[in-house]
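Here's final-v9.pdb, which has PDB, C-alpha atoms:
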ATOM      1  CA  MET A   1       0.000   0.000   0.000
ATOM      2  CA  VAL A   2       1.196   3.514  -0.749
ATOM      3  CA  GLU A   3       0.929   5.986   2.129
ATOM      4  CA  VAL A   4       1.248   9.703   1.699
ATOM      5  CA  ASP A   5       1.249  12.248   4.484
ATOM      6  CA  ILE A   6       1.293  15.845   3.431
ATOM      7  CA  ALA A   7       3.857  17.750   5.482
ATOM      8  CA  VAL A   8       2.540  21.169   4.524
ATOM      9  CA  ILE A   9      -0.440  22.275   6.557
ATOM     10  CA  VAL A  10      -2.911  24.097   4.354
ATOM     11  CA  THR A  11      -5.248  26.777   5.571
ATOM     12  CA  ARG A  12      -8.798  25.860   4.735
ATOM     13  CA  LYS A  13     -10.348  27.760   1.898
ATOM     14  CA  THR A  14     -12.881  30.336   2.869
ATOM     15  CA  GLY A  15     -15.467  31.845   0.643
ATOM     16  CA  PRO A  16     -18.315  34.301   0.600
ATOM     17  CA  ALA A  17     -20.903  31.531   0.644
ATOM     18  CA  GLY A  18     -19.552  30.174   3.918
ATOM     19  CA  GLY A  19     -16.219  28.483   3.390
ATOM     20  CA  CYS A  20     -14.863  25.362   5.067
ATOM     21  CA  ALA A  21     -13.108  27.432   7.725
ATOM     22  CA  VAL A  22     -16.357  29.163   8.587
ATOM     23  CA  GLY A  23     -18.916  26.387   8.491
ATOM     24  CA  THR A  24     -19.444  22.814   7.409
ATOM     25  CA  PHE A  25     -21.817  23.476   4.519
ATOM     26  CA  GLY A  26     -20.612  21.896   1.297
ATOM     27  CA  GLN A  27     -21.851  20.960  -2.143
ATOM     28  CA  HIS A  28     -21.212  17.466  -3.435
ATOM     29  CA  LEU A  29     -21.725  16.900  -7.148
ATOM     30  CA  LEU A  30     -22.088  13.227  -8.068
ATOM     31  CA  ALA A  31     -21.510  13.042 -11.801
ATOM     32  CA  GLU A  32     -21.691  10.077 -14.143
ATOM     33  CA  TYR A  33     -20.444  10.162 -17.726
ATOM     34  CA  HIS A  34     -21.698   7.718 -20.336
ATOM     35  CA  GLY A  35     -20.591   7.085 -23.907
ATOM     36  CA  CYS A  36     -17.064   8.318 -23.220
ATOM     37  CA  GLU A  37     -14.036   7.673 -25.396
ATOM     38  CA  ALA A  38     -12.456   4.447 -24.091
ATOM     39  CA  ASP A  39      -8.892   5.463 -24.936
ATOM     40  CA  ILE A  40      -9.213   8.569 -22.785
ATOM     41  CA  LEU A  41     -10.700   6.641 -19.851
ATOM     42  CA  ASP A  42      -7.780   4.201 -19.864
ATOM     43  CA  ASP A  43      -5.052   6.853 -20.092
ATOM     44  CA  GLN A  44      -3.938   7.785 -16.584
ATOM     45  CA  ASP A  45      -1.960  10.825 -17.707
ATOM     46  CA  ARG A  46      -4.873  12.247 -19.666
ATOM     47  CA  ILE A  47      -7.255  11.598 -16.787
ATOM     48  CA  ARG A  48      -4.925  13.357 -14.362
ATOM     49  CA  ALA A  49      -4.554  16.346 -16.658
ATOM     50  CA  LEU A  50      -8.308  16.493 -17.095
ATOM     51  CA  ILE A  51      -8.973  16.378 -13.343
ATOM     52  CA  ARG A  52      -6.478  19.201 -12.828
ATOM     53  CA  ARG A  53      -8.188  21.272 -15.513
ATOM     54  CA  ALA A  54     -11.599  20.555 -13.990
ATOM     55  CA  ALA A  55     -10.373  21.610 -10.544
ATOM     56  CA  GLU A  56      -8.886  24.784 -11.950
ATOM     57  CA  ALA A  57     -12.059  25.630 -13.841
ATOM     58  CA  ALA A  58     -14.081  25.212 -10.645
ATOM     59  CA  GLY A  59     -11.728  27.429  -8.685
ATOM     60  CA  ALA A  60     -10.436  24.555  -6.534
ATOM     61  CA  ASN A  61      -6.859  24.223  -5.336
ATOM     62  CA  VAL A  62      -5.309  20.762  -5.595
ATOM     63  CA  VAL A  63      -2.955  19.978  -2.705
ATOM     64  CA  ALA A  64      -2.369  16.258  -3.291
ATOM     65  CA  GLU A  65      -3.364  13.574  -5.755
ATOM     66  CA  VAL A  66      -3.127   9.829  -6.071
ATOM     67  CA  TYR A  67      -3.791   7.673  -9.156
ATOM     68  CA  GLN A  68      -4.236   3.919  -9.361
ATOM     69  CA  PRO A  69      -4.427   1.925 -12.614
ATOM     70  CA  PHE A  70      -6.561  -1.220 -12.710
ATOM     71  CA  ALA A  71      -6.346  -4.437 -14.717
ATOM     72  CA  PRO A  72      -7.649  -5.144 -17.238
ATOM     73  CA  HIS A  73      -8.839  -1.563 -17.699
ATOM     74  CA  GLY A  74      -9.557   1.589 -15.794
ATOM     75  CA  VAL A  75      -8.124   4.233 -13.543
ATOM     76  CA  SER A  76      -9.008   5.523 -10.093
ATOM     77  CA  GLY A  77      -7.809   8.972  -9.191
ATOM     78  CA  VAL A  78      -8.379  11.312  -6.277
ATOM     79  CA  ALA A  79      -7.309  14.922  -5.955
ATOM     80  CA  VAL A  80      -7.431  16.262  -2.416
ATOM     81  CA  ILE A  81      -8.331  19.927  -2.758
ATOM     82  CA  GLU A  82      -8.319  22.656  -0.145
ATOM     83  CA  GLU A  83     -12.084  22.593  -0.464
ATOM     84  CA  SER A  84     -12.511  18.760  -0.002
ATOM     85  CA  HIS A  85     -11.947  16.349  -2.932
ATOM     86  CA  LEU A  86     -12.394  15.524  -6.587
ATOM     87  CA  SER A  87     -12.374  11.836  -7.537
ATOM     88  CA  ILE A  88     -12.806   9.769 -10.689
ATOM     89  CA  HIS A  89     -13.216   6.068 -11.410
ATOM     90  CA  THR A  90     -13.269   4.912 -15.023
ATOM     91  CA  TRP A  91     -14.558   1.808 -16.809
ATOM     92  CA  PRO A  92     -13.152   2.170 -20.354
ATOM     93  CA  GLU A  93     -14.825  -1.031 -21.557
ATOM     94  CA  ARG A  94     -18.197   0.505 -20.673
ATOM     95  CA  GLY A  95     -17.406   4.056 -21.732
ATOM     96  CA  TYR A  96     -18.331   5.097 -18.208
ATOM     97  CA  ALA A  97     -16.785   7.303 -15.535
ATOM     98  CA  ALA A  98     -18.046   8.121 -12.029
ATOM     99  CA  VAL A  99     -16.921  11.466 -10.624
ATOM    100  CA  ASP A 100     -17.345  13.144  -7.238
ATOM    101  CA  PHE A 101     -16.683  16.826  -6.751
ATOM    102  CA  TYR A 102     -17.185  17.731  -3.110
ATOM    103  CA  THR A 103     -16.476  21.377  -2.368
ATOM    104  CA  CYS A 104     -17.021  24.033   0.212
ATOM    105  CA  GLY A 105     -16.304  27.719  -0.084
ATOM    106  CA  ASP A 106     -16.865  29.456  -3.378
ATOM    107  CA  CYS A 107     -15.958  26.693  -5.851
ATOM    108  CA  VAL A 108     -18.308  26.152  -8.785
ATOM    109  CA  ALA A 109     -18.306  22.410  -9.423
ATOM    110  CA  GLU A 110     -20.479  22.820 -12.527
ATOM    111  CA  ARG A 111     -17.589  24.510 -14.300
ATOM    112  CA  GLY A 112     -15.467  21.453 -13.591
ATOM    113  CA  HIS A 113     -18.268  19.289 -14.950
ATOM    114  CA  ALA A 114     -18.240  21.182 -18.252
ATOM    115  CA  VAL A 115     -14.524  20.460 -18.604
ATOM    116  CA  LEU A 116     -15.047  16.763 -17.880
ATOM    117  CA  LEU A 117     -18.028  16.386 -20.226
ATOM    118  CA  ALA A 118     -15.971  17.705 -23.129
ATOM    119  CA  GLY A 119     -12.656  16.171 -22.099
ATOM    120  CA  LEU A 120     -14.040  12.643 -21.696
ATOM    121  CA  ASP A 121     -15.898  13.033 -24.989
ATOM    122  CA  ALA A 122     -19.031  11.896 -23.118
ATOM    123  CA  GLN A 123     -22.313  11.551 -24.976
ATOM    124  CA  ARG A 124     -24.407  11.938 -21.845
ATOM    125  CA  ALA A 125     -24.025  12.908 -18.224
ATOM    126  CA  GLU A 126     -26.169  12.459 -15.155
ATOM    127  CA  LEU A 127     -25.687  14.895 -12.285
ATOM    128  CA  MET A 128     -26.931  14.882  -8.713
ATOM    129  CA  MET A 129     -26.065  17.789  -6.439
ATOM    130  CA  VAL A 130     -26.174  16.929  -2.755
ATOM    131  CA  HIS A 131     -25.906  19.593  -0.071
ATOM    132  CA  ARG A 132     -23.945  18.499   2.997
ATOM    133  CA  GLY A 133     -23.118  19.850   6.428
ATOM    134  CA  ARG A 134     -25.142  22.070   8.668
ATOM    135  CA  ARG A 135     -26.894  25.269   7.709
ATOM    136  CA  GLY A 136     -29.844  25.058  10.041
ATOM    137  CA  PRO A 137     -32.090  22.647  11.915
ATOM    138  CA  GLY A 138     -32.932  19.230  10.520
ATOM    139  CA  GLY A 139     -30.854  16.839   8.508
ATOM    140  CA  SER A 140     -27.581  17.631   6.845
ATOM    141  CA  LEU A 141     -27.866  15.696   3.559
ATOM    142  CA  HIS A 142     -30.208  17.041   0.926
ATOM    143  CA  VAL A 143     -30.539  16.313  -2.819
ATOM    144  CA  ASP A 144     -30.662  19.797  -4.290
ATOM    145  CA  SER A 145     -30.927  18.848  -7.974
ATOM    146  CA  HIS A 146     -30.810  15.822 -10.278
ATOM    147  CA  ARG A 147     -30.670  15.958 -14.045
ATOM    148  CA  GLN A 148     -29.325  14.418 -17.217
ATOM    149  CA  GLU A 149     -27.751  16.274 -20.067
ATOM    150  CA  ASN A 150     -26.206  15.407 -23.370
ATOM    151  CA  ARG A 151     -22.968  16.573 -24.920
ATOM    152  CA  ALA A 152     -24.594  19.639 -26.417
ATOM    153  CA  SER A 153     -25.514  20.699 -22.863
ATOM    154  CA  GLU A 154     -29.182  20.201 -23.573
ATOM    155  CA  GLN A 155     -30.844  19.305 -20.296
ATOM    156  CA  LEU A 156     -32.997  16.193 -20.571
ATOM    157  CA  PRO A 157     -35.919  15.113 -18.407
ATOM    158  CA  LEU A 158     -35.048  12.301 -16.050
ATOM    159  CA  VAL A 159     -37.208   9.499 -17.401
ATOM    160  CA  GLY A 160     -36.506   6.949 -14.723
ATOM    161  CA  GLU A 161     -33.967   5.576 -12.349
ATOM    162  CA  GLY A 162     -32.474   2.124 -12.576
TER     163      GLY A 162
ATOM    164  CA  MET B 163       1.483  19.701  -4.637
ATOM    165  CA  VAL B 164       2.149  16.052  -3.841
ATOM    166  CA  GLU B 165       1.741  13.636  -6.737
ATOM    167  CA  VAL B 166       1.522   9.907  -6.294
ATOM    168  CA  ASP B 167       1.342   7.363  -9.085
ATOM    169  CA  ILE B 168       0.844   3.796  -8.029
ATOM    170  CA  ALA B 169       3.238   1.555  -9.940
ATOM    171  CA  VAL B 170       1.436  -1.656  -9.064
ATOM    172  CA  ILE B 171      -1.543  -2.378 -11.267
ATOM    173  CA  VAL B 172      -4.367  -3.851  -9.223
ATOM    174  CA  THR B 173      -6.964  -6.200 -10.596
ATOM    175  CA  ARG B 174     -10.402  -4.814  -9.978
ATOM    176  CA  LYS B 175     -12.383  -6.496  -7.241
ATOM    177  CA  THR B 176     -15.178  -8.725  -8.375
ATOM    178  CA  GLY B 177     -18.096  -9.854  -6.317
ATOM    179  CA  PRO B 178     -21.266 -11.906  -6.449
ATOM    180  CA  ALA B 179     -23.431  -8.799  -6.631
ATOM    181  CA  GLY B 180     -21.689  -7.670  -9.807
ATOM    182  CA  GLY B 181     -18.186  -6.443  -9.101
ATOM    183  CA  CYS B 182     -16.331  -3.553 -10.672
ATOM    184  CA  ALA B 183     -14.734  -5.840 -13.236
ATOM    185  CA  VAL B 184     -18.140  -7.132 -14.295
ATOM    186  CA  GLY B 185     -20.279  -4.021 -14.345
ATOM    187  CA  THR B 186     -20.377  -0.410 -13.290
ATOM    188  CA  PHE B 187     -22.985  -0.738 -10.546
ATOM    189  CA  GLY B 188     -21.773   0.657  -7.236
ATOM    190  CA  GLN B 189     -23.084   1.782  -3.885
ATOM    191  CA  HIS B 190     -22.054   5.173  -2.545
ATOM    192  CA  LEU B 191     -22.718   5.815   1.134
ATOM    193  CA  LEU B 192     -22.648   9.508   2.053
ATOM    194  CA  ALA B 193     -22.271   9.626   5.823
ATOM    195  CA  GLU B 194     -22.182  12.597   8.164
ATOM    196  CA  TYR B 195     -21.190  12.367  11.805
ATOM    197  CA  HIS B 196     -22.256  14.970  14.359
ATOM    198  CA  GLY B 197     -21.281  15.460  17.988
ATOM    199  CA  CYS B 198     -17.920  13.760  17.489
ATOM    200  CA  GLU B 199     -14.976  14.020  19.857
ATOM    201  CA  ALA B 200     -12.894  17.004  18.670
ATOM    202  CA  ASP B 201      -9.542  15.534  19.702
ATOM    203  CA  ILE B 202     -10.148  12.489  17.529
ATOM    204  CA  LEU B 203     -11.196  14.587  14.527
ATOM    205  CA  ASP B 204      -7.988  16.604  14.718
ATOM    206  CA  ASP B 205      -5.654  13.615  15.102
ATOM    207  CA  GLN B 206      -4.451  12.530  11.668
ATOM    208  CA  ASP B 207      -2.969   9.251  12.882
ATOM    209  CA  ARG B 208      -6.162   8.233  14.649
ATOM    210  CA  ILE B 209      -8.261   9.187  11.649
ATOM    211  CA  ARG B 210      -6.050   7.143   9.347
ATOM    212  CA  ALA B 211      -6.208   4.123  11.662
ATOM    213  CA  LEU B 212      -9.972   4.480  11.863
ATOM    214  CA  ILE B 213     -10.387   4.668   8.097
ATOM    215  CA  ARG B 214      -8.264   1.535   7.712
ATOM    216  CA  ARG B 215     -10.405  -0.288  10.283
ATOM    217  CA  ALA B 216     -13.578   0.883   8.559
ATOM    218  CA  ALA B 217     -12.310  -0.334   5.190
ATOM    219  CA  GLU B 218     -11.346  -3.677   6.662
ATOM    220  CA  ALA B 219     -14.708  -4.084   8.370
ATOM    221  CA  ALA B 220     -16.460  -3.404   5.073
ATOM    222  CA  GLY B 221     -14.319  -5.925   3.230
ATOM    223  CA  ALA B 222     -12.532  -3.260   1.171
ATOM    224  CA  ASN B 223      -8.880  -3.414   0.192
ATOM    225  CA  VAL B 224      -6.901  -0.187   0.545
ATOM    226  CA  VAL B 225      -4.297   0.262  -2.202
ATOM    227  CA  ALA B 226      -3.247   3.869  -1.550
ATOM    228  CA  GLU B 227      -4.024   6.664   0.864
ATOM    229  CA  VAL B 228      -3.315  10.355   1.221
ATOM    230  CA  TYR B 229      -3.864  12.593   4.245
ATOM    231  CA  GLN B 230      -3.831  16.365   4.456
ATOM    232  CA  PRO B 231      -3.937  18.391   7.699
ATOM    233  CA  PHE B 232      -5.628  21.792   7.678
ATOM    234  CA  ALA B 233      -5.114  24.950   9.711
ATOM    235  CA  PRO B 234      -6.453  25.843  12.165
ATOM    236  CA  HIS B 235      -8.133  22.451  12.523
ATOM    237  CA  GLY B 236      -9.142  19.420  10.557
ATOM    238  CA  VAL B 237      -7.958  16.592   8.389
ATOM    239  CA  SER B 238      -8.797  15.422   4.882
ATOM    240  CA  GLY B 239      -8.016  11.829   4.043
ATOM    241  CA  VAL B 240      -8.713   9.577   1.086
ATOM    242  CA  ALA B 241      -8.119   5.860   0.816
ATOM    243  CA  VAL B 242      -8.210   4.531  -2.730
ATOM    244  CA  ILE B 243      -9.614   1.026  -2.455
ATOM    245  CA  GLU B 244      -9.812  -1.699  -5.077
ATOM    246  CA  GLU B 245     -13.546  -1.138  -4.976
ATOM    247  CA  SER B 246     -13.422   2.709  -5.464
ATOM    248  CA  HIS B 247     -12.710   5.045  -2.482
ATOM    249  CA  LEU B 248     -13.265   5.944   1.147
ATOM    250  CA  SER B 249     -12.809   9.609   2.105
ATOM    251  CA  ILE B 250     -13.152  11.707   5.242
ATOM    252  CA  HIS B 251     -13.108  15.443   5.944
ATOM    253  CA  THR B 252     -13.227  16.605   9.556
ATOM    254  CA  TRP B 253     -14.197  19.863  11.292
ATOM    255  CA  PRO B 254     -13.049  19.334  14.905
ATOM    256  CA  GLU B 255     -14.366  22.724  16.003
ATOM    257  CA  ARG B 256     -17.844  21.640  14.901
ATOM    258  CA  GLY B 257     -17.598  18.015  16.025
ATOM    259  CA  TYR B 258     -18.443  17.103  12.430
ATOM    260  CA  ALA B 259     -17.046  14.698   9.843
ATOM    261  CA  ALA B 260     -18.191  14.047   6.279
ATOM    262  CA  VAL B 261     -17.447  10.576   4.913
ATOM    263  CA  ASP B 262     -17.876   8.954   1.515
ATOM    264  CA  PHE B 263     -17.684   5.231   1.051
ATOM    265  CA  TYR B 264     -18.082   4.355  -2.619
ATOM    266  CA  THR B 265     -17.834   0.642  -3.328
ATOM    267  CA  CYS B 266     -18.584  -1.926  -5.933
ATOM    268  CA  GLY B 267     -18.373  -5.665  -5.594
ATOM    269  CA  ASP B 268     -19.368  -7.293  -2.343
ATOM    270  CA  CYS B 269     -18.224  -4.676   0.173
ATOM    271  CA  VAL B 270     -20.665  -3.801   2.954
ATOM    272  CA  ALA B 271     -20.192  -0.084   3.604
ATOM    273  CA  GLU B 272     -22.597  -0.182   6.556
ATOM    274  CA  ARG B 273     -20.065  -2.241   8.502
ATOM    275  CA  GLY B 274     -17.524   0.489   7.938
ATOM    276  CA  HIS B 275     -20.075   3.021   9.117
ATOM    277  CA  ALA B 276     -20.509   1.165  12.429
ATOM    278  CA  VAL B 277     -16.750   1.378  13.000
ATOM    279  CA  LEU B 278     -16.736   5.110  12.257
ATOM    280  CA  LEU B 279     -19.764   5.900  14.428
ATOM    281  CA  ALA B 280     -18.095   4.332  17.446
ATOM    282  CA  GLY B 281     -14.534   5.390  16.617
ATOM    283  CA  LEU B 282     -15.414   9.066  16.140
ATOM    284  CA  ASP B 283     -17.505   8.946  19.317
ATOM    285  CA  ALA B 284     -20.331  10.487  17.284
ATOM    286  CA  GLN B 285     -23.631  11.250  18.935
ATOM    287  CA  ARG B 286     -25.568  11.143  15.686
ATOM    288  CA  ALA B 287     -25.118  10.117  12.085
ATOM    289  CA  GLU B 288     -26.985  10.840   8.886
ATOM    290  CA  LEU B 289     -26.669   8.351   6.047
ATOM    291  CA  MET B 290     -27.682   8.511   2.407
ATOM    292  CA  MET B 291     -27.077   5.513   0.176
ATOM    293  CA  VAL B 292     -26.852   6.363  -3.523
ATOM    294  CA  HIS B 293     -26.781   3.680  -6.183
ATOM    295  CA  ARG B 294     -24.515   4.475  -9.118
ATOM    296  CA  GLY B 295     -23.674   2.999 -12.481
ATOM    297  CA  ARG B 296     -25.847   1.072 -14.850
ATOM    298  CA  ARG B 297     -28.061  -1.863 -14.007
ATOM    299  CA  GLY B 298     -30.809  -1.294 -16.500
ATOM    300  CA  PRO B 299     -32.616   1.384 -18.504
ATOM    301  CA  GLY B 300     -33.074   4.882 -17.140
ATOM    302  CA  GLY B 301     -30.809   7.007 -15.021
ATOM    303  CA  SER B 302     -27.761   5.793 -13.180
ATOM    304  CA  LEU B 303     -27.986   7.771  -9.906
ATOM    305  CA  HIS B 304     -30.636   6.763  -7.418
ATOM    306  CA  VAL B 305     -31.094   7.547  -3.704
ATOM    307  CA  ASP B 306     -31.768   4.118  -2.257
ATOM    308  CA  SER B 307     -32.136   5.107   1.412
ATOM    309  CA  HIS B 308     -31.732   8.094   3.741
ATOM    310  CA  ARG B 309     -31.859   7.958   7.513
ATOM    311  CA  GLN B 310     -30.513   9.323  10.756
ATOM    312  CA  GLU B 311     -29.365   7.273  13.694
ATOM    313  CA  ASN B 312     -27.904   7.926  17.108
ATOM    314  CA  ARG B 313     -24.929   6.338  18.807
ATOM    315  CA  ALA B 314     -27.045   3.525  20.188
ATOM    316  CA  SER B 315     -27.892   2.620  16.571
ATOM    317  CA  GLU B 316     -31.491   3.620  17.078
ATOM    318  CA  GLN B 317     -32.821   4.726  13.718
ATOM    319  CA  LEU B 318     -34.520   8.103  13.899
ATOM    320  CA  PRO B 319     -37.131   9.570  11.581
ATOM    321  CA  LEU B 320     -35.756  12.221   9.280
ATOM    322  CA  VAL B 321     -37.544  15.313  10.548
ATOM    323  CA  GLY B 322     -36.409  17.742   7.898
ATOM    324  CA  GLU B 323     -33.621  18.747   5.620
ATOM    325  CA  GLY B 324     -31.663  21.944   5.922
TER     326      GLY B 324
END

If you convert what's in this file into structure tokens, what do you get?
Amino acid sequence: MVEVDIAVIVTRKTGPAGGCAVGTFGQHLLAEYHGCEADILDDQDRIRALIRRAAEAAGANVVAEVYQPFAPHGVSGVAVIEESHLSIHTWPERGYAAVDFYTCGDCVAERGHAVLLAGLDAQRAELMMVHRGRRGPGGSLHVDSHRQENRASEQLPLVGEG
Amino acid sequence: MVEVDIAVIVTRKTGPAGGCAVGTFGQHLLAEYHGCEADILDDQDRIRALIRRAAEAAGANVVAEVYQPFAPHGVSGVAVIEESHLSIHTWPERGYAAVDFYTCGDCVAERGHAVLLAGLDAQRAELMMVHRGRRGPGGSLHVDSHRQENRASEQLPLVGEG
């Protein structure tokens, strides 16, 4: 097993919407990409570059990353960001990738999604935004939105869940 | 930034329920822990040991891990597992931790949750299980269950969402 401890202590990102240093509220985008280009999904270097670009587009700051190739196909990668994490798991043989973009502060995960949709050459994406942490009374996990969209960014009705 | 590439290629875990090597179906447990012991949440070594125990309890195999301390408080940690990932972000000053346990194959994330609930000395947890990947027609993200429970494992009604 590979163990990595980061020696540099990072100050948590704050933001106008209530950053991690101020409160626990966060936005967690669960994103699934279908009909992706298999060669991209199996290329660890391209996946890493894409995740970095997605983080940058969202305004997130990557502080550490780890990538793991799988046999016979696929890559798992996680970028620890100041604002939480950005992860990807790919199944090239299915043209499928599962992404998590969990952020606090003033990141805009949707901008990272746009980078991934184009960069993975995905035909379709499904996106669920979950709010996490405490903002008030009651529970702390809440599905804020759930939609599908195609490559042309046309938002599609969600016809069912399997 | 710390970069880690894993040189060892790992064969994806398979399981009777349809492992990662067989299909893309996975179970993603979003777990939030409230009223945790602050000293534990701010102790990187204890958090790492706890995440390893949680992974083991769930039947997951850790292949890489990365931990990041934050100022003034808190730890982010991610364990890449053969079956996807297990992550934690802690806010000691709020007694709060946000955990993701995304697995495919025959892992039982709930067993990892039981380890975390006790190990973080949490007074209350909120759990949302999201099914991911394709099993049939329709969408690929589906909230399968959502509940709160207290330390004594009593399941509480979800009174509201904030």

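Counting all atoms listed in the file and comparing B:Leu212, B:Val305, B:Ala222, B:Val277, the residue that lies closest to chain A is B:Val305.
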
* **Explicit residues for the PyMOL selection byres ((chain B and resi 196) around 9) (as a PyMOL selection string)** => chain B and resi 194-195+197-198+256-259+284-288

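What separates CA of Gln148 (chain A) from CA of Ala98 (chain A) is a distance of 13.9 Å.
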
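Among B:Asp283, B:Glu227, B:Asp201, B:Asp306, the residue with the shortest atom-to-atom distance to chain A, counting all atoms listed in the file, is B:Glu227.
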
* Selection near Thr103 (chain A), 12 Å with all atoms listed in the file, sequence-local residues under 6 positions removed, as number ranges by chain -> A: 12-15, 17-20, 24-30, 55, 58-62, 79-87, 109-110, 112, 129-133; B: 251, 260

Keeping only C-alpha atoms, take the residues you just selected and write them out as an mmCIF file, in the coordinates of the input.
data_model
loop_
_atom_site.group_PDB
_atom_site.id
_atom_site.type_symbol
_atom_site.label_atom_id
_atom_site.label_comp_id
_atom_site.auth_asym_id
_atom_site.auth_seq_id
_atom_site.Cartn_x
_atom_site.Cartn_y
_atom_site.Cartn_z
ATOM 1 C CA ARG A 12 -8.798 25.860 4.735
ATOM 2 C CA LYS A 13 -10.348 27.760 1.898
ATOM 3 C CA THR A 14 -12.881 30.336 2.869
ATOM 4 C CA GLY A 15 -15.467 31.845 0.643
ATOM 5 C CA ALA A 17 -20.903 31.531 0.644
ATOM 6 C CA GLY A 18 -19.552 30.174 3.918
ATOM 7 C CA GLY A 19 -16.219 28.483 3.390
ATOM 8 C CA CYS A 20 -14.863 25.362 5.067
ATOM 9 C CA THR A 24 -19.444 22.814 7.409
ATOM 10 C CA PHE A 25 -21.817 23.476 4.519
ATOM 11 C CA GLY A 26 -20.612 21.896 1.297
ATOM 12 C CA GLN A 27 -21.851 20.960 -2.143
ATOM 13 C CA HIS A 28 -21.212 17.466 -3.435
ATOM 14 C CA LEU A 29 -21.725 16.900 -7.148
ATOM 15 C CA LEU A 30 -22.088 13.227 -8.068
ATOM 16 C CA ALA A 55 -10.373 21.610 -10.544
ATOM 17 C CA ALA A 58 -14.081 25.212 -10.645
ATOM 18 C CA GLY A 59 -11.728 27.429 -8.685
ATOM 19 C CA ALA A 60 -10.436 24.555 -6.534
ATOM 20 C CA ASN A 61 -6.859 24.223 -5.336
ATOM 21 C CA VAL A 62 -5.309 20.762 -5.595
ATOM 22 C CA ALA A 79 -7.309 14.922 -5.955
ATOM 23 C CA VAL A 80 -7.431 16.262 -2.416
ATOM 24 C CA ILE A 81 -8.331 19.927 -2.758
ATOM 25 C CA GLU A 82 -8.319 22.656 -0.145
ATOM 26 C CA GLU A 83 -12.084 22.593 -0.464
ATOM 27 C CA SER A 84 -12.511 18.760 -0.002
ATOM 28 C CA HIS A 85 -11.947 16.349 -2.932
ATOM 29 C CA LEU A 86 -12.394 15.524 -6.587
ATOM 30 C CA SER A 87 -12.374 11.836 -7.537
ATOM 31 C CA ALA A 109 -18.306 22.410 -9.423
ATOM 32 C CA GLU A 110 -20.479 22.820 -12.527
ATOM 33 C CA GLY A 112 -15.467 21.453 -13.591
ATOM 34 C CA MET A 129 -26.065 17.789 -6.439
ATOM 35 C CA VAL A 130 -26.174 16.929 -2.755
ATOM 36 C CA HIS A 131 -25.906 19.593 -0.071
ATOM 37 C CA ARG A 132 -23.945 18.499 2.997
ATOM 38 C CA GLY A 133 -23.118 19.850 6.428
ATOM 39 C CA HIS B 251 -13.108 15.443 5.944
ATOM 40 C CA ALA B 260 -18.191 14.047 6.279
#

Extending 3 Å beyond the listed atoms of region 27-36 of chain A on each side, what axis-aligned box results? I want centre and edge lengths in Å to one decimal, as AutoDock Vina command-line options.
--center_x -19.6 --center_y 14.0 --center_z -13.0 --size_x 11.0 --size_y 19.9 --size_z 27.8

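The smallest atom-to-atom distance between chain A and any of B:Gly267, B:Pro231, B:Gly281, B:Pro254, using all atoms listed in the file, is found for B:Pro231.
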
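When CA of Val99 (chain A) is paired with CA of Ala31 (chain A), their separation reads 5.0 Å.
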
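Our summary of the geometry notes that CA of Asp45 (chain A) is positioned 15.5 Å from CA of Trp91 (chain A).
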
Evaluating the PyMOL selection byres ((chain B and resi 204-206) around 9) on the displayed file yields which residues, as a PDB file with C-alpha atoms, in the frame of the given file?
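File produced: result20.pdb:
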ATOM      1  CA  ALA B 200     -12.894  17.004  18.670  1.00  0.00           C
ATOM      2  CA  ASP B 201      -9.542  15.534  19.702  1.00  0.00           C
ATOM      3  CA  ILE B 202     -10.148  12.489  17.529  1.00  0.00           C
ATOM      4  CA  LEU B 203     -11.196  14.587  14.527  1.00  0.00           C
ATOM      5  CA  ASP B 207      -2.969   9.251  12.882  1.00  0.00           C
ATOM      6  CA  ARG B 208      -6.162   8.233  14.649  1.00  0.00           C
ATOM      7  CA  ILE B 209      -8.261   9.187  11.649  1.00  0.00           C
ATOM      8  CA  ARG B 210      -6.050   7.143   9.347  1.00  0.00           C
ATOM      9  CA  ALA B 211      -6.208   4.123  11.662  1.00  0.00           C
ATOM     10  CA  TYR B 229      -3.864  12.593   4.245  1.00  0.00           C
ATOM     11  CA  GLN B 230      -3.831  16.365   4.456  1.00  0.00           C
ATOM     12  CA  PRO B 231      -3.937  18.391   7.699  1.00  0.00           C
ATOM     13  CA  HIS B 235      -8.133  22.451  12.523  1.00  0.00           C
ATOM     14  CA  GLY B 236      -9.142  19.420  10.557  1.00  0.00           C
ATOM     15  CA  VAL B 237      -7.958  16.592   8.389  1.00  0.00           C
ATOM     16  CA  SER B 238      -8.797  15.422   4.882  1.00  0.00           C
ATOM     17  CA  GLY B 239      -8.016  11.829   4.043  1.00  0.00           C
ATOM     18  CA  THR B 252     -13.227  16.605   9.556  1.00  0.00           C
ATOM     19  CA  TRP B 253     -14.197  19.863  11.292  1.00  0.00           C
ATOM     20  CA  PRO B 254     -13.049  19.334  14.905  1.00  0.00           C
ATOM     21  CA  GLU B 255     -14.366  22.724  16.003  1.00  0.00           C
TER      22      GLU B 255
END

* **Among the residues A:Ala64, A:Ala71, A:Glu37, A:Ile51, the one that comes closest to Phe101 (chain A) [using all atoms listed in the file]** => A:Ile51

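For the set B:Arg273, B:Phe232, B:Asp262, B:Arg296, the residue with the smallest atom-to-atom gap to Ala219 (chain B) is B:Arg273, counting only C-alpha atoms.
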
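Closest approach to chain A among B:Ala280, B:Leu289, B:Ala216, B:Val270: B:Leu289, based on all atoms listed in the file.
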